Number of protein chains: 2
Amino acid sequence: MKEADVSHRVAGPNAKLIGKPGGLRELTTPALVLDLEAFEQNIGAYQHQINLHGLRARPHAKSHKCAEIARRQIAAGAVGVCTASLHEAEAMVGQGISNILITSPVIGSGKLDRLMQLLEWGAVVAVVVDDQEHAASLATAAHQSGHVLDVLIDVDLGMGRTGVSNIESALRLVNLVSDAEGIAYRGLQAYSGRVQHIEGFAERDRIYTEQLSFLSTLIAALDKRGLKPATVTGGGTGTLALDCREGILTEHQAGSYIFMDVEYGAVTLRANDAGAAFATSLFLHSTVISKNVPGRVTIDAGLKSFATDGPLPRVSAGAPVGTIYSFFGDEHGCLTFPTPADCLPLGGIVAFITPHCDPTINLHDYLHVVRHDTIVDIWQIVGRGVL
Amino acid sequence: MKEADVSHRVAGPNAKLIGKPGGLRELTTPALVLDLEAFEQNIGAYQHQINLHGLRARPHAKSHKCAEIARRQIAAGAVGVCTASLHEAEAMVGQGISNILITSPVIGSGKLDRLMQLLEWGAVVAVVVDDQEHAASLATAAHQSGHVLDVLIDVDLGMGRTGVSNIESALRLVNLVSDAEGIAYRGLQAYSGRVQHIEGFAERDRIYTEQLSFLSTLIAALDKRGLKPATVTGGGTGTLALDCREGILTEHQAGSYIFMDVEYGAVTLRANDAGAAFATSLFLHSTVISKNVPGRVTIDAGLKSFATDGPLPRVSAGAPVGTIYSFFGDEHGCLTFPTPADCLPLGGIVAFITPHCDPTINLHDYLHVVRHDTIVDIWQIVGRGVL
């Protein structure tokens, strides 16, 4: 056997379509497609809203895991990006994105070594802590490597996932971080995950406002002790309007606003149409590969193309109105048409709005960036994976 | 900022632990761990069972997507491997695995070009068809590129996903494939997906035997016309004992037997303890990263570490008996202990049996291969992804 040439993998098998007019129709699938116009509109609308309320934007790269998107968010005015993991931070730093907040505790000696390596390379990396022993080990590692690591105290707003959930623990931790050599107290992080997806605005408002009252109390207690946080970072796409109104956060971490998946499509993001509006920019294109059963076809997008933790993908184009998607195994999806007489040809392309964008993006390697049916670029999803 | 050195990514951040005695305890997580002893036992037991019944083994690489595992399956006696997609086939060929059956229709001109490229490189690649027009387009593409492509007719055993489901369509398709230039009729494929996971042996036996009667009728009809299939390929881990007993298949496609996930752990694979027995060889190691809520901890394995389409991951080691896993977001899992007094330290490692192995493997880039707490090698999951 000759040696296989897989060099096309840098931008994937669709690399040769870049710049070809109407090339979108020749796309090899299953493939993620980014509508550049909607995407640019979302980046602009978010930054405008953030600027209007005197916040700083630090969008969350866990949604896109793509250095080119981080670059564009920073070019639009963001101070840097968040990542959910050290792995994502390394991927960003490897592509020249130099200002990062890792929003989940970085635990374990192997990971601390890698964290120090990021500082060694000159990246500005901040981390969060919710435990005294962990804060002490970070301080030791940073001090020994000759760096000062920026640290924020992670505050639990009620999710019980990470963070400190009472004033006393928070104060103790702030004191420890302020006093330790090797780490610097930079402020608080307070993120409320589940609240983001509460569909009704009023209900989300009620629950989140209650959660934020703990944060306000903590900030006041710190202020009284001369430890007012320089940065209070948090928020998401679902709470953007509330975070702008409340004025407690100084820095905002929205992620999904750039894409707008099926989940966020169901969420009323604004009260009385005030504030930023976002459009769906992320789609998955899939191909019909079998059509032997009346009233339905099998397509090439299944468990490996769509996240399965949230709602189902929704047909956006290429199939009759009322067509329903269901999972049909790792590589397969089933499209059931509204009437048994409906059909699609083999090779037909169907476009979908993605179910939950973050874990969907994580399944793919490339974003096919499209303007008016032409693939203008292919961006690598460099931060996918977990290690 | 200095240029980041990410060269360690070839084998991941744990590369430096290879060969270090007890290195498993220092593993950066979330990480897939392969118990080499159980894995080797599974490969041996499967091949032994296959040989005993005069079948050929063509294990399904969709489960592992790892060229090193394919190499070991072939070294044990397999004739080659299956892949679920062209993408997986390219990944295998790129690593020198040269005999492949792609078990799902390869549709679209871009994909046909890539398929021809595999033949150009000298790989022995067979594909399946379930549609006349598709068979004709394959014949044209192969003929034009000067190759003869091996083709099997995909037979639907009742799932309605791909395949032909009546004798007449099957005969027409066999005739077309036999007569066309550029393609060669090599036999039938008949895979029954959902049956594999029916937990009770008797119920699986009853349903599958009924499905197979259609296959027997089709083979007899072909035989009568001088078109007896040289190869009848199909089967999975769940039907191995039945496929050996029935003697209709000539080639067997089991995949999950090498790993044995939570799903297959619940399936009674053998009647009366006869035939091959398989052990769990695939685990995921995760680290405790937060412990501020009594009776539970947060770990670093969530939607991006475990497939969410099947059962939940099951704790295998490192946490009290009765500890329950639940998803807690993309990067996080929640472990709830049997009593509120139970706890685990930050940095504590917990091992899990994986939920559904195929889509779980697809989330990761590396298999950490372990013998007696020492990481003896790291194998890349080269076929993960969809494009």
# chains A, B, ... in the order shown; residues from 1 in each chain; ligands from 1
call {"tool": "residues_around", "arguments": {"residues": "Ala70 (chain A)", "least_positions_apart": "5", "cutoff": "9 Å", "atoms": "only C-alpha atoms", "output": "PyMOL selection string"}}
result
chain A and resi 59-61+64-65+75+78+80-81+92+97
call {"tool": "select_by_dssp", "arguments": {"residues": "region 112-294 of chain B", "states": "helix (DSSP H, G or I)", "output": "ChimeraX atom specification"}}
result
/B:112-120,132-145,167-179,194-197,201-224,240-246,256-258,262-265
call {"tool": "residues_around", "arguments": {"residues": "Ile167 (chain B)", "least_positions_apart": "2", "cutoff": "12 Å", "atoms": "only C-alpha atoms", "output": "PyMOL selection string"}}
result
chain B and resi 153+155-157+163-165+169-174+213-222
call {"tool": "residues_around", "arguments": {"residues": "region 265-267 of chain B", "least_positions_apart": "2", "cutoff": "10 Å", "atoms": "only C-alpha atoms", "output": "VMD selection string"}}
result
chain B and resid 196 to 201 204 237 to 238 260 to 263 269 to 270 278 to 280 353 355
call {"tool": "write_last_selection", "arguments": {"atoms": "C-alpha atoms", "output": "PDB file, in the first residue's frame"}}
result
ATOM      1  CA  GLN B 196     -27.692  -6.221  20.194  1.00  0.00           C
ATOM      2  CA  HIS B 197     -28.740  -4.499  23.418  1.00  0.00           C
ATOM      3  CA  ILE B 198     -31.804  -6.559  24.334  1.00  0.00           C
ATOM      4  CA  GLU B 199     -30.745  -7.639  27.797  1.00  0.00           C
ATOM      5  CA  GLY B 200     -32.340 -11.086  28.070  1.00  0.00           C
ATOM      6  CA  PHE B 201     -30.784 -13.827  25.956  1.00  0.00           C
ATOM      7  CA  ARG B 204     -32.843 -11.458  21.837  1.00  0.00           C
ATOM      8  CA  THR B 237     -21.266  -8.370  20.438  1.00  0.00           C
ATOM      9  CA  GLY B 238     -24.877  -8.977  21.503  1.00  0.00           C
ATOM     10  CA  MET B 260     -17.529  -3.915  27.528  1.00  0.00           C
ATOM     11  CA  ASP B 261     -19.353  -0.735  28.593  1.00  0.00           C
ATOM     12  CA  VAL B 262     -22.203  -0.280  31.104  1.00  0.00           C
ATOM     13  CA  GLU B 263     -24.732  -1.043  28.334  1.00  0.00           C
ATOM     14  CA  LEU B 269     -24.308 -12.527  26.118  1.00  0.00           C
ATOM     15  CA  ARG B 270     -24.282 -16.311  26.481  1.00  0.00           C
ATOM     16  CA  PHE B 278     -15.648 -10.621  27.939  1.00  0.00           C
ATOM     17  CA  ALA B 279     -14.322  -8.390  30.721  1.00  0.00           C
ATOM     18  CA  THR B 280     -14.543  -4.616  31.146  1.00  0.00           C
ATOM     19  CA  ILE B 353     -17.056   2.080  33.573  1.00  0.00           C
ATOM     20  CA  PRO B 355     -21.741   4.378  29.537  1.00  0.00           C
TER      21      PRO B 355
END
call {"tool": "residues_around", "arguments": {"residues": "Ala123 (chain B)", "least_positions_apart": "6", "cutoff": "10 Å", "atoms": "only C-alpha atoms", "output": "list of chain:residue names"}}
result
A:Met1, A:Lys2, A:Ala4, B:Ala89, B:Glu90, B:Met92, B:Val93, B:Gly94, B:Gly96, B:Ile97, B:Ser98, B:Asn99, B:Ile100, B:Leu115, B:Met116, B:Gln117
call {"tool": "select_by_dssp", "arguments": {"residues": "region 115-204 of chain A", "states": "strand (DSSP E)", "output": "PyMOL selection string"}}
result
chain A and resi 124-129+149-156+183-191
call {"tool": "residues_around", "arguments": {"residues": "Gly12 (chain B)", "least_positions_apart": "5", "cutoff": "8 Å", "atoms": "only C-alpha atoms", "output": "MDAnalysis selection string"}}
result
(chainID A and resid 387) or (chainID B and resid 365:366)
call {"tool": "residues_around", "arguments": {"residues": "Asn175 (chain B)", "least_positions_apart": "4", "cutoff": "12 Å", "atoms": "only C-alpha atoms", "output": "PyMOL selection string"}}
result
chain B and resi 132+135-136+152-153+168-171+179-180+183-187+222+225-229
call {"tool": "write_last_selection", "arguments": {"atoms": "C-alpha atoms", "output": "short mmCIF file (atom, residue, chain, number, x, y, z; two decimals), in the first residue's frame"}}
result
data_model
loop_
_atom_site.label_atom_id
_atom_site.label_comp_id
_atom_site.auth_asym_id
_atom_site.auth_seq_id
_atom_site.Cartn_x
_atom_site.Cartn_y
_atom_site.Cartn_z
CA GLN B 132 -29.83 1.18 -7.58
CA ALA B 135 -24.83 1.51 -7.13
CA ALA B 136 -24.73 2.92 -10.65
CA LEU B 152 -21.95 -5.73 -0.70
CA ILE B 153 -25.71 -5.39 -0.76
CA GLU B 168 -37.31 -8.39 -5.13
CA SER B 169 -35.35 -5.17 -4.50
CA ALA B 170 -32.41 -7.22 -3.24
CA LEU B 171 -32.34 -9.42 -6.34
CA ASP B 179 -23.41 -6.74 -14.21
CA ALA B 180 -21.91 -3.26 -13.82
CA ILE B 183 -17.86 -2.70 -9.16
CA ALA B 184 -17.79 -6.33 -8.07
CA TYR B 185 -20.55 -8.17 -6.20
CA ARG B 186 -18.96 -9.59 -3.06
CA GLY B 187 -21.98 -10.56 -1.00
CA LEU B 222 -29.73 -15.82 -4.71
CA ARG B 225 -29.99 -17.86 -9.45
CA GLY B 226 -26.29 -18.68 -9.25
CA LEU B 227 -25.64 -15.55 -7.18
CA LYS B 228 -24.86 -17.10 -3.80
CA PRO B 229 -23.07 -14.44 -1.72
#
call {"tool": "atom_distance", "arguments": {"atom1": "CA of Ala139 (chain B)", "atom2": "CA of Ala126 (chain B)"}}
result
12.6 Å
call {"tool": "decode", "arguments": {"residues": "region 264-276 of chain A", "atoms": "N, CA and C atoms", "output": "CSV table (one decimal), in the first residue's frame"}}
result
chain,number,residue,atom,x,y,z
A,264,TYR,N,-31.2,28.0,23.4
A,264,TYR,CA,-31.4,29.5,23.6
A,264,TYR,C,-32.4,30.1,22.7
A,265,GLY,N,-32.8,29.4,21.6
A,265,GLY,CA,-33.9,29.9,20.7
A,265,GLY,C,-35.2,29.9,21.5
A,266,ALA,N,-35.3,29.1,22.5
A,266,ALA,CA,-36.5,29.0,23.3
A,266,ALA,C,-36.5,30.0,24.5
A,267,VAL,N,-35.4,30.6,24.7
A,267,VAL,CA,-35.3,31.5,25.9
A,267,VAL,C,-35.6,33.0,25.5
A,268,THR,N,-36.5,33.6,26.2
A,268,THR,CA,-36.8,35.0,26.0
A,268,THR,C,-35.7,35.8,26.7
A,269,LEU,N,-34.8,36.4,25.8
A,269,LEU,CA,-33.5,37.0,26.4
A,269,LEU,C,-33.8,38.4,26.9
A,270,ARG,N,-34.8,39.1,26.3
A,270,ARG,CA,-35.0,40.5,26.7
A,270,ARG,C,-36.4,40.8,27.2
A,271,ALA,N,-36.4,41.7,28.1
A,271,ALA,CA,-37.8,42.2,28.5
A,271,ALA,C,-38.1,43.4,27.6
A,272,ASN,N,-39.3,43.4,27.1
A,272,ASN,CA,-39.8,44.5,26.3
A,272,ASN,C,-38.9,44.9,25.1
A,273,ASP,N,-38.3,43.8,24.5
A,273,ASP,CA,-37.5,44.0,23.4
A,273,ASP,C,-36.3,45.0,23.6
A,274,ALA,N,-35.9,45.2,24.8
A,274,ALA,CA,-34.8,46.1,25.1
A,274,ALA,C,-33.5,45.3,25.1
A,275,GLY,N,-32.4,45.8,24.6
A,275,GLY,CA,-31.1,45.2,24.7
A,275,GLY,C,-30.8,44.4,23.5
A,276,ALA,N,-29.7,43.6,23.6
A,276,ALA,CA,-29.1,43.0,22.4
A,276,ALA,C,-30.0,41.8,21.9
